[in-house]
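Chemist: Structure file target.txt (compact mmCIF, C-alpha atoms and all ligand atoms) is given on the next line.
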```
# COMPACT_ATOMS: atom_id res chain seq x y z
CA MET A 1 18.91 -69.10 18.64
CA THR A 2 19.10 -70.71 22.07
CA ALA A 3 15.95 -71.56 23.91
CA GLY A 4 15.33 -69.49 27.04
CA PRO A 5 14.44 -70.98 30.39
CA ALA A 6 11.09 -72.75 30.51
CA PRO A 7 8.39 -70.41 31.83
CA ALA A 8 7.65 -70.97 35.50
CA ALA A 9 4.49 -72.99 36.05
CA ARG A 10 1.70 -70.66 37.16
CA GLU A 11 0.61 -71.17 40.74
CA PRO A 12 -2.96 -72.42 40.59
CA LEU A 13 -5.62 -70.19 42.14
CA LEU A 14 -7.26 -73.27 43.62
CA ARG A 15 -5.77 -76.64 44.40
CA THR A 16 -7.28 -79.66 46.08
CA GLU A 17 -5.15 -82.53 47.31
CA GLY A 18 -6.71 -85.95 47.91
CA LEU A 19 -10.06 -84.44 48.85
CA THR A 20 -12.38 -87.14 50.22
CA LYS A 21 -15.88 -87.06 51.70
CA ALA A 22 -17.97 -90.13 52.49
CA PHE A 23 -21.59 -90.50 53.57
CA GLY A 24 -21.90 -93.90 55.24
CA GLY A 25 -20.42 -96.33 52.77
CA ILE A 26 -20.59 -93.94 49.80
CA ARG A 27 -17.50 -92.00 48.89
CA ALA A 28 -19.22 -88.99 47.34
CA VAL A 29 -15.84 -87.33 46.70
CA ASP A 30 -12.96 -89.75 46.51
CA ASP A 31 -9.34 -88.60 46.49
CA VAL A 32 -9.89 -85.62 44.21
CA SER A 33 -6.78 -83.64 43.32
CA LEU A 34 -7.55 -80.72 41.09
CA ALA A 35 -5.71 -77.56 40.05
CA VAL A 36 -7.49 -74.52 38.63
CA ALA A 37 -5.39 -71.73 37.12
CA PRO A 38 -6.21 -68.05 37.61
CA GLY A 39 -8.66 -66.90 34.95
CA GLU A 40 -9.62 -70.44 33.97
CA LEU A 41 -13.17 -71.35 33.01
CA ARG A 42 -13.86 -75.03 33.55
CA CYS A 43 -16.96 -77.19 33.32
CA LEU A 44 -17.47 -80.09 35.71
CA ILE A 45 -19.68 -82.82 34.33
CA GLY A 46 -20.62 -86.36 35.34
CA PRO A 47 -23.60 -88.67 35.85
CA ASN A 48 -26.13 -88.09 38.63
CA GLY A 49 -24.57 -88.82 41.99
CA ALA A 50 -21.01 -88.42 40.68
CA GLY A 51 -20.13 -86.05 43.53
CA LYS A 52 -20.19 -82.70 41.74
CA SER A 53 -22.38 -80.86 44.26
CA THR A 54 -20.53 -82.41 47.19
CA LEU A 55 -17.21 -81.24 45.72
CA PHE A 56 -18.63 -77.70 45.40
CA SER A 57 -19.92 -77.77 48.94
CA LEU A 58 -16.45 -78.81 50.18
CA LEU A 59 -14.87 -75.97 48.17
CA ALA A 60 -17.34 -73.44 49.58
CA GLY A 61 -16.91 -74.74 53.13
CA LEU A 62 -20.49 -75.96 53.59
CA GLN A 63 -19.14 -79.39 54.43
CA ARG A 64 -15.79 -80.52 55.80
CA PRO A 65 -13.79 -83.21 53.99
CA ASP A 66 -12.88 -86.42 55.82
CA SER A 67 -9.37 -86.03 54.45
CA GLY A 68 -7.42 -83.95 51.96
CA ARG A 69 -6.72 -80.23 51.61
CA ILE A 70 -8.07 -77.21 49.79
CA VAL A 71 -5.51 -74.52 48.98
CA PHE A 72 -6.69 -71.16 47.65
CA LYS A 73 -4.18 -68.47 46.63
CA GLY A 74 -1.51 -70.48 48.42
CA GLU A 75 -3.42 -70.58 51.73
CA ASP A 76 -4.86 -73.74 53.27
CA VAL A 77 -8.58 -72.94 53.59
CA THR A 78 -9.77 -76.49 54.35
CA THR A 79 -11.20 -75.63 57.75
CA LEU A 80 -12.34 -72.05 57.09
CA SER A 81 -16.04 -71.24 57.42
CA PRO A 82 -18.05 -70.41 54.27
CA PHE A 83 -18.16 -66.77 55.38
CA ARG A 84 -14.37 -66.55 55.64
CA ARG A 85 -13.98 -68.20 52.24
CA VAL A 86 -16.29 -65.58 50.71
CA ARG A 87 -14.08 -62.91 52.32
CA ARG A 88 -11.09 -64.53 50.63
CA GLY A 89 -12.83 -64.61 47.25
CA ILE A 90 -14.58 -67.98 46.84
CA CYS A 91 -18.32 -67.76 46.22
CA LEU A 92 -20.85 -70.47 45.35
CA LYS A 93 -24.09 -69.98 43.49
CA PHE A 94 -26.42 -72.73 44.58
CA GLN A 95 -28.45 -75.02 42.35
CA THR A 96 -31.62 -73.75 44.02
CA THR A 97 -32.31 -70.07 44.52
CA ARG A 98 -31.65 -68.53 47.91
CA ILE A 99 -32.97 -65.07 47.21
CA TYR A 100 -35.22 -63.14 49.60
CA ARG A 101 -38.38 -63.28 47.55
CA GLY A 102 -40.21 -60.54 49.46
CA LEU A 103 -37.35 -58.05 49.08
CA THR A 104 -36.62 -56.12 45.90
CA VAL A 105 -33.81 -57.01 43.53
CA GLY A 106 -31.90 -53.94 44.76
CA GLU A 107 -32.35 -54.91 48.42
CA ASN A 108 -31.16 -58.45 47.73
CA LEU A 109 -28.05 -56.99 46.08
CA THR A 110 -27.39 -54.65 49.00
CA ILE A 111 -27.49 -57.55 51.46
CA ALA A 112 -25.15 -59.66 49.33
CA ARG A 113 -22.59 -56.94 48.69
CA GLY A 114 -19.36 -57.36 50.61
CA PRO A 115 -16.22 -55.32 51.13
CA ARG A 116 -14.22 -57.16 48.42
CA GLY A 117 -13.32 -56.01 44.96
CA GLY A 118 -13.91 -52.26 45.21
CA ALA A 119 -14.93 -50.28 42.12
CA ARG A 120 -14.00 -53.09 39.73
CA ALA A 121 -16.47 -55.48 41.42
CA GLY A 122 -19.15 -52.77 41.21
CA GLU A 123 -18.53 -52.32 37.48
CA ARG A 124 -18.69 -56.07 36.90
CA LEU A 125 -21.97 -56.24 38.79
CA ASP A 126 -23.47 -53.40 36.73
CA TRP A 127 -22.34 -55.16 33.56
CA ALA A 128 -23.91 -58.43 34.79
CA LEU A 129 -27.22 -56.79 35.71
CA GLY A 130 -27.37 -55.10 32.31
CA THR A 131 -26.43 -58.23 30.36
CA LEU A 132 -28.98 -60.38 32.19
CA GLY A 133 -31.85 -57.89 31.94
CA LEU A 134 -31.95 -57.13 35.66
CA ALA A 135 -30.78 -53.51 35.63
CA SER A 136 -34.34 -52.26 35.12
CA GLU A 137 -35.77 -54.61 37.75
CA ARG A 138 -34.05 -53.23 40.85
CA ALA A 139 -37.31 -51.97 42.40
CA ARG A 140 -39.21 -55.21 41.77
CA PRO A 141 -39.76 -57.85 44.47
CA ALA A 142 -37.41 -60.71 43.63
CA GLY A 143 -40.20 -63.26 44.04
CA GLU A 144 -42.02 -61.71 41.05
CA LEU A 145 -39.15 -62.37 38.65
CA SER A 146 -39.35 -65.21 36.13
CA HIS A 147 -37.51 -68.46 36.93
CA SER A 148 -34.55 -67.57 34.72
CA HIS A 149 -34.29 -64.05 36.14
CA GLN A 150 -34.28 -65.48 39.66
CA GLN A 151 -31.44 -67.80 38.64
CA TRP A 152 -29.56 -64.87 37.12
CA LEU A 153 -30.19 -62.73 40.19
CA GLU A 154 -28.65 -65.50 42.24
CA VAL A 155 -25.52 -65.36 40.07
CA CYS A 156 -25.46 -61.57 40.51
CA LEU A 157 -25.72 -61.98 44.29
CA ALA A 158 -22.66 -64.24 44.19
CA LEU A 159 -20.92 -61.67 41.99
CA ALA A 160 -21.82 -58.89 44.44
CA THR A 161 -19.45 -60.49 46.96
CA GLY A 162 -16.56 -59.62 44.59
CA PRO A 163 -15.29 -63.19 44.07
CA ASP A 164 -12.05 -64.25 42.40
CA LEU A 165 -13.43 -67.79 42.09
CA LEU A 166 -17.07 -68.27 41.24
CA LEU A 167 -18.64 -71.73 41.62
CA LEU A 168 -21.83 -72.13 39.61
CA ASP A 169 -23.91 -75.24 40.31
CA GLU A 170 -26.24 -75.90 37.36
CA PRO A 171 -26.83 -72.26 36.46
CA THR A 172 -29.11 -73.15 33.53
CA ALA A 173 -31.45 -75.59 35.34
CA GLY A 174 -34.98 -75.16 34.00
CA MET A 175 -33.99 -72.62 31.34
CA THR A 176 -35.02 -72.52 27.69
CA PRO A 177 -32.34 -73.06 25.00
CA GLU A 178 -32.24 -69.29 24.39
CA GLU A 179 -31.79 -68.55 28.11
CA THR A 180 -29.13 -71.25 28.32
CA ALA A 181 -27.27 -69.64 25.40
CA LEU A 182 -27.44 -66.22 27.07
CA THR A 183 -26.14 -67.74 30.31
CA ALA A 184 -23.23 -69.31 28.40
CA GLU A 185 -22.39 -65.97 26.75
CA PHE A 186 -22.59 -64.30 30.14
CA VAL A 187 -20.25 -66.86 31.76
CA LEU A 188 -17.80 -66.38 28.88
CA GLY A 189 -18.02 -62.64 29.55
CA LEU A 190 -17.27 -63.18 33.23
CA ALA A 191 -14.21 -65.23 32.39
CA GLY A 192 -13.15 -62.49 29.94
CA GLN A 193 -13.11 -60.12 32.91
CA GLY A 194 -10.63 -62.25 34.79
CA ILE A 195 -12.95 -64.13 37.15
CA THR A 196 -12.07 -67.80 37.52
CA VAL A 197 -15.20 -69.87 37.02
CA LEU A 198 -16.00 -73.52 37.76
CA VAL A 199 -19.39 -74.63 36.45
CA VAL A 200 -21.28 -77.83 37.19
CA GLU A 201 -23.62 -78.40 34.29
CA HIS A 202 -25.63 -81.27 32.83
CA ASP A 203 -26.65 -79.38 29.72
CA MET A 204 -24.11 -80.31 27.06
CA ALA A 205 -25.36 -77.48 24.80
CA PHE A 206 -24.09 -75.12 27.49
CA VAL A 207 -20.79 -77.01 27.88
CA ARG A 208 -20.26 -76.97 24.10
CA HIS A 209 -21.09 -73.27 23.91
CA ILE A 210 -18.48 -72.59 26.61
CA ALA A 211 -16.05 -74.98 24.84
CA ARG A 212 -13.29 -74.81 27.45
CA GLY A 213 -11.64 -77.29 29.80
CA VAL A 214 -13.86 -80.09 31.08
CA THR A 215 -13.40 -82.32 34.14
CA VAL A 216 -15.51 -85.48 34.34
CA LEU A 217 -16.39 -86.90 37.76
CA HIS A 218 -17.60 -90.48 38.17
CA TYR A 219 -18.23 -92.22 41.52
CA GLY A 220 -16.54 -89.30 43.26
CA ARG A 221 -13.31 -89.57 41.27
CA ILE A 222 -11.82 -87.59 38.44
CA PHE A 223 -12.56 -89.85 35.50
CA ALA A 224 -11.18 -87.62 32.74
CA ASP A 225 -9.84 -84.13 32.31
CA GLY A 226 -9.15 -82.27 29.08
CA THR A 227 -10.40 -79.97 26.38
CA LEU A 228 -14.02 -80.24 25.23
CA GLN A 229 -12.77 -81.96 22.07
CA GLU A 230 -10.74 -84.51 24.04
CA ILE A 231 -13.63 -85.24 26.38
CA GLU A 232 -16.14 -85.63 23.54
CA ALA A 233 -13.77 -87.97 21.71
CA ASN A 234 -13.17 -90.11 24.82
CA GLN A 235 -15.09 -93.38 24.31
CA GLU A 236 -15.23 -94.20 28.03
CA VAL A 237 -16.71 -90.77 28.83
CA ARG A 238 -19.23 -91.22 26.04
CA ARG A 239 -20.21 -94.54 27.55
CA ILE A 240 -20.58 -93.43 31.20
CA TYR A 241 -21.93 -89.96 30.66
CA LEU A 242 -23.15 -89.30 27.18
CA GLY A 243 -25.14 -92.55 27.24
CA GLU A 244 -23.54 -94.28 24.27
CA GLN A 245 -22.83 -98.03 24.04
N1 LIG B 301 -25.89 -85.32 52.81
C1 LIG B 301 -25.78 -86.52 52.23
N2 LIG B 301 -26.05 -87.64 52.91
C2 LIG B 301 -25.93 -88.87 52.35
N3 LIG B 301 -25.52 -89.06 51.07
C3 LIG B 301 -25.24 -87.98 50.34
C4 LIG B 301 -25.35 -86.66 50.87
N4 LIG B 301 -24.99 -85.77 49.90
C5 LIG B 301 -24.67 -86.51 48.83
N5 LIG B 301 -24.82 -87.82 49.08
C6 LIG B 301 -24.53 -88.93 48.15
O1 LIG B 301 -23.25 -88.68 47.62
C7 LIG B 301 -23.22 -89.01 46.23
C8 LIG B 301 -22.83 -87.77 45.43
O2 LIG B 301 -23.91 -86.83 45.47
P1 LIG B 301 -23.83 -85.40 44.77
O3 LIG B 301 -25.12 -84.72 45.02
O4 LIG B 301 -22.58 -84.73 45.18
O5 LIG B 301 -23.71 -85.81 43.23
P2 LIG B 301 -23.92 -84.90 41.93
O6 LIG B 301 -22.88 -85.31 40.96
O7 LIG B 301 -23.98 -83.48 42.31
O8 LIG B 301 -25.36 -85.40 41.43
P3 LIG B 301 -26.47 -84.62 40.57
O9 LIG B 301 -25.90 -84.45 39.22
O10 LIG B 301 -27.64 -85.57 40.60
O11 LIG B 301 -26.75 -83.32 41.28
C9 LIG B 301 -24.59 -89.54 45.88
O12 LIG B 301 -24.54 -90.95 45.98
C10 LIG B 301 -25.48 -88.97 46.96
O13 LIG B 301 -26.60 -89.79 47.21
```
As structure tokens, what does this structure read like?
Modeler:
Amino acid sequence: MTAGPAPAAREPLLRTEGLTKAFGGIRAVDDVSLAVAPGELRCLIGPNGAGKSTLFSLLAGLQRPDSGRIVFKGEDVTTLSPFRRVRRGICLKFQTTRIYRGLTVGENLTIARGPRGGARAGERLDWALGTLGLASERARPAGELSHSHQQWLEVCLALATGPDLLLLDEPTAGMTPEETALTAEFVLGLAGQGITVLVVEHDMAFVRHIARGVTVLHYGRIFADGTLQEIEANQEVRRIYLGEQ
């Protein structure tokens, strides 16, 4: 049997080329070239100050890079505003909550909802609210929710925009191990529904639960990239990040 032609490489959903952002003398993000395939779920890890949040803020358009490009679905979005990126399908869930605490859960969701995604986005949102225990809380002021439910509401608000690429910055911060496990299951569920997800996370229990591709940032650069197994077996990563000698 003769071998057929090699399958065409899949066009990444997101690509960065030489992305760089400095603050004074510190290169927070330093020449980062990254490709994320459609439907991929990837964790971004690295020591404090490695540049993870800055990279996310460049991807979401909250800051402009000094140099380099961001290409999303084949379009150069490097100079687009955050609002226009959301319209194109990139949405960031912040590390800290940005909900309107005095408004109800339902009102927060109404404000966040955009024109993208149609019925499918609505179904995903209903699934998310049910999975995270928020479906019965629609009439409750968001400020009365527990810490974890506020975090989850924030994820749902990002989801309400109908994203193709969801950026989650430390979604399990301050959560119990049980809440962290539920968040990991939920993120796996999101990926199962075709949403591409990049997650910055310090909690290795979460990263292990997800057990997908991992990118390690260190001093603003991509230090290592691979499967969870490859990253955990990498002695240099263990030394810089996992705290081993
Ligand atoms: N607005 C800013 N002004 C000056 N320096 C900044 C600014 N934002 C980030 N930095 C610096 O850039 C570097 C990267 O910071 P960043 O917050 O992106 O790292 P991080 O990997 O997200 O860290 P952490 O895990 O602690 O959240 C750090 O040295 C930080 O002090």
Chemist: Taking 6 positions as the minimum chain separation for residues in the same chain, which residues sit within 10 Å of Glu40 in chain A when counting only C-alpha atoms? Answer as a list in words.
Modeler: Pro12, Leu13, Leu165, Ala191, Gly192, Gly194, Ile195, Thr196, Val197, Leu198, Arg212 and Gly213 of chain A
Chemist: Please check which protein, DNA or RNA residues sit within 9 Å of ligand LIG 301 (chain B), counting only C-alpha atoms and all ligand atoms, and write them as a PDB file with C-alpha atoms, keeping the file's coordinate frame.
Modeler:
```
ATOM      1  CA  LYS A  21     -15.880 -87.060  51.700  1.00  0.00           C
ATOM      2  CA  ALA A  22     -17.970 -90.130  52.490  1.00  0.00           C
ATOM      3  CA  PHE A  23     -21.590 -90.500  53.570  1.00  0.00           C
ATOM      4  CA  GLY A  24     -21.900 -93.900  55.240  1.00  0.00           C
ATOM      5  CA  ILE A  26     -20.590 -93.940  49.800  1.00  0.00           C
ATOM      6  CA  ARG A  27     -17.500 -92.000  48.890  1.00  0.00           C
ATOM      7  CA  ALA A  28     -19.220 -88.990  47.340  1.00  0.00           C
ATOM      8  CA  VAL A  29     -15.840 -87.330  46.700  1.00  0.00           C
ATOM      9  CA  ILE A  45     -19.680 -82.820  34.330  1.00  0.00           C
ATOM     10  CA  GLY A  46     -20.620 -86.360  35.340  1.00  0.00           C
ATOM     11  CA  PRO A  47     -23.600 -88.670  35.850  1.00  0.00           C
ATOM     12  CA  ASN A  48     -26.130 -88.090  38.630  1.00  0.00           C
ATOM     13  CA  GLY A  49     -24.570 -88.820  41.990  1.00  0.00           C
ATOM     14  CA  ALA A  50     -21.010 -88.420  40.680  1.00  0.00           C
ATOM     15  CA  GLY A  51     -20.130 -86.050  43.530  1.00  0.00           C
ATOM     16  CA  LYS A  52     -20.190 -82.700  41.740  1.00  0.00           C
ATOM     17  CA  SER A  53     -22.380 -80.860  44.260  1.00  0.00           C
ATOM     18  CA  THR A  54     -20.530 -82.410  47.190  1.00  0.00           C
ATOM     19  CA  LEU A  55     -17.210 -81.240  45.720  1.00  0.00           C
ATOM     20  CA  PHE A  56     -18.630 -77.700  45.400  1.00  0.00           C
ATOM     21  CA  SER A  57     -19.920 -77.770  48.940  1.00  0.00           C
ATOM     22  CA  GLN A  95     -28.450 -75.020  42.350  1.00  0.00           C
ATOM     23  CA  ASP A 169     -23.910 -75.240  40.310  1.00  0.00           C
ATOM     24  CA  GLU A 170     -26.240 -75.900  37.360  1.00  0.00           C
ATOM     25  CA  VAL A 200     -21.280 -77.830  37.190  1.00  0.00           C
ATOM     26  CA  GLU A 201     -23.620 -78.400  34.290  1.00  0.00           C
ATOM     27  CA  HIS A 202     -25.630 -81.270  32.830  1.00  0.00           C
ATOM     28  CA  LEU A 217     -16.390 -86.900  37.760  1.00  0.00           C
ATOM     29  CA  HIS A 218     -17.600 -90.480  38.170  1.00  0.00           C
ATOM     30  CA  TYR A 219     -18.230 -92.220  41.520  1.00  0.00           C
ATOM     31  CA  GLY A 220     -16.540 -89.300  43.260  1.00  0.00           C
TER      32      GLY A 220
END
```
Chemist: CA of Asp126 in chain A and CA of Leu159 in chain A are how many Å apart?
Modeler: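 CA of Asp126 in chain A sits 10.1 Å away from CA of Leu159 in chain A.
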Chemist: Neighbouring residues of Leu34 in chain A were defined as those with any atom within 10 Å, considering all atoms listed in the file; residues of the same chain fewer than 3 positions away were excluded. Please report them as a list in words.
Modeler: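 Everything that qualifies: Pro12, Leu14, Arg15, Thr16, Glu17, Gly18, Leu19, Asp31, Ile70, Thr215, Ile222 and Asp225 of chain A.
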Chemist: Distance CA of Arg88 in chain A-CA of Phe186 in chain A, one decimal place?
Modeler: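 It comes out at 23.5 Å.
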Chemist: My list of candidates is A:Arg113, A:Gly226, A:Val199, A:Glu11. Which is closest to Leu44 in chain A when distances are computed with all atoms listed in the file?
Modeler: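 Ranked by minimum distance to Leu44 in chain A, first place goes to A:Val199.
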Chemist: Given all atoms listed in the file as the basis, pick out the residue of A:Met204, A:Ile210, A:Leu59, A:Ala158 nearest to Leu182 in chain A.
Modeler: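 Between A:Met204, A:Ile210, A:Leu59, A:Ala158, the residue approaching Leu182 in chain A most closely is A:Ile210.
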Chemist: Please measure the separation of CA of Arg238 in chain A and CA of Arg208 in chain A, giving the value in Å to one decimal.
Modeler: 14.4 Å
Chemist: So which one's closest to Phe206 in chain A, A:Arg42, A:Arg85, A:Lys93, A:Lys73? Using only C-alpha atoms, please.
Modeler: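 Comparing A:Arg42, A:Arg85, A:Lys93, A:Lys73 against Phe206 in chain A, the winner is A:Arg42.
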Chemist: Measuring between only C-alpha atoms, which one of A:Thr78, A:Thr183, A:Ser67, A:Thr110 shows the shortest distance to Gly122 in chain A?
Modeler: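 Distance minimum relative to Gly122 in chain A lands on A:Thr110.
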Chemist: From the list A:Ala135, A:Arg124, A:Asp164, A:Ala205, which residue is nearest Pro177 in chain A when using all atoms listed in the file?
Modeler: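 Of the candidates, the smallest distance to Pro177 in chain A is held by A:Ala205.
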Chemist: Counting all atoms listed in the file, figure out which residue out of A:Leu62, A:Ala119, A:Leu92, A:Ile231 gets nearest to Leu80 in chain A.
Modeler: A:Leu62
Chemist: Padding 4 Å on every side, please: axis-aligned box over the listed atoms of range 85-90 of chain A, centre and edge lengths to one decimal in Å, as lines of an AutoDock Vina configuration file.
Modeler:
```
center_x = -13.7
center_y = -65.6
center_z = 49.6
size_x = 13.2
size_y = 13.3
size_z = 13.5
```
Chemist: Neighbours of Asn234 in chain A within 12 Å (only C-alpha atoms; same-chain residues fewer than 3 positions away dropped), as JSON, numbers by chain?
Modeler: {"A": [214, 216, 223, 224, 225, 226, 227, 228, 229, 230, 231, 237, 238, 239, 240, 241, 242, 244]}
Chemist: Please write C-alpha atoms of range 101-153 of chain A, from the structure given just now, as a PDB file, in the first residue's frame.
Modeler:
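Result written to selection30.pdb:
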```pdb
ATOM      1  CA  ARG A 101     -21.962  43.147  42.525  1.00  0.00           C
ATOM      2  CA  GLY A 102     -25.190  45.106  43.007  1.00  0.00           C
ATOM      3  CA  LEU A 103     -26.848  43.563  39.933  1.00  0.00           C
ATOM      4  CA  THR A 104     -28.321  40.081  39.837  1.00  0.00           C
ATOM      5  CA  VAL A 105     -26.598  37.140  38.182  1.00  0.00           C
ATOM      6  CA  GLY A 106     -29.154  37.331  35.354  1.00  0.00           C
ATOM      7  CA  GLU A 107     -28.571  41.062  34.835  1.00  0.00           C
ATOM      8  CA  ASN A 108     -24.808  40.557  34.729  1.00  0.00           C
ATOM      9  CA  LEU A 109     -25.322  37.887  32.062  1.00  0.00           C
ATOM     10  CA  THR A 110     -27.605  40.135  30.014  1.00  0.00           C
ATOM     11  CA  ILE A 111     -24.994  42.902  29.977  1.00  0.00           C
ATOM     12  CA  ALA A 112     -22.227  40.498  28.947  1.00  0.00           C
ATOM     13  CA  ARG A 113     -24.167  38.768  26.185  1.00  0.00           C
ATOM     14  CA  GLY A 114     -23.063  39.720  22.694  1.00  0.00           C
ATOM     15  CA  PRO A 115     -24.272  39.012  19.185  1.00  0.00           C
ATOM     16  CA  ARG A 116     -21.819  36.123  18.597  1.00  0.00           C
ATOM     17  CA  GLY A 117     -22.481  32.429  18.598  1.00  0.00           C
ATOM     18  CA  GLY A 118     -26.260  32.317  18.239  1.00  0.00           C
ATOM     19  CA  ALA A 119     -28.236  29.409  19.712  1.00  0.00           C
ATOM     20  CA  ARG A 120     -25.127  27.264  20.230  1.00  0.00           C
ATOM     21  CA  ALA A 121     -23.560  29.911  22.496  1.00  0.00           C
ATOM     22  CA  GLY A 122     -26.834  30.117  24.442  1.00  0.00           C
ATOM     23  CA  GLU A 123     -26.872  26.337  24.948  1.00  0.00           C
ATOM     24  CA  ARG A 124     -23.259  26.359  26.106  1.00  0.00           C
ATOM     25  CA  LEU A 125     -24.041  29.124  28.573  1.00  0.00           C
ATOM     26  CA  ASP A 126     -27.034  27.211  29.984  1.00  0.00           C
ATOM     27  CA  TRP A 127     -24.840  24.124  30.323  1.00  0.00           C
ATOM     28  CA  ALA A 128     -22.160  26.193  32.105  1.00  0.00           C
ATOM     29  CA  LEU A 129     -24.636  27.801  34.513  1.00  0.00           C
ATOM     30  CA  GLY A 130     -26.093  24.385  35.347  1.00  0.00           C
ATOM     31  CA  THR A 131     -22.699  22.707  35.777  1.00  0.00           C
ATOM     32  CA  LEU A 132     -21.391  25.472  38.038  1.00  0.00           C
ATOM     33  CA  GLY A 133     -24.503  25.721  40.218  1.00  0.00           C
ATOM     34  CA  LEU A 134     -25.503  29.168  38.967  1.00  0.00           C
ATOM     35  CA  ALA A 135     -28.701  28.295  37.099  1.00  0.00           C
ATOM     36  CA  SER A 136     -30.771  28.665  40.269  1.00  0.00           C
ATOM     37  CA  GLU A 137     -29.032  31.900  41.284  1.00  0.00           C
ATOM     38  CA  ARG A 138     -30.136  34.148  38.411  1.00  0.00           C
ATOM     39  CA  ALA A 139     -32.270  36.389  40.661  1.00  0.00           C
ATOM     40  CA  ARG A 140     -29.582  36.789  43.325  1.00  0.00           C
ATOM     41  CA  PRO A 141     -27.350  39.875  43.570  1.00  0.00           C
ATOM     42  CA  ALA A 142     -23.943  38.794  42.292  1.00  0.00           C
ATOM     43  CA  GLY A 143     -22.206  40.349  45.303  1.00  0.00           C
ATOM     44  CA  GLU A 144     -23.968  37.827  47.580  1.00  0.00           C
ATOM     45  CA  LEU A 145     -22.456  34.816  45.828  1.00  0.00           C
ATOM     46  CA  SER A 146     -19.603  32.880  47.438  1.00  0.00           C
ATOM     47  CA  HIS A 147     -16.052  33.557  46.202  1.00  0.00           C
ATOM     48  CA  SER A 148     -16.023  30.480  43.967  1.00  0.00           C
ATOM     49  CA  HIS A 149     -19.443  31.259  42.508  1.00  0.00           C
ATOM     50  CA  GLN A 150     -18.288  34.790  41.702  1.00  0.00           C
ATOM     51  CA  GLN A 151     -15.266  33.323  39.910  1.00  0.00           C
ATOM     52  CA  TRP A 152     -17.515  30.933  38.010  1.00  0.00           C
ATOM     53  CA  LEU A 153     -19.945  33.727  37.154  1.00  0.00           C
TER      54      LEU A 153
END
```
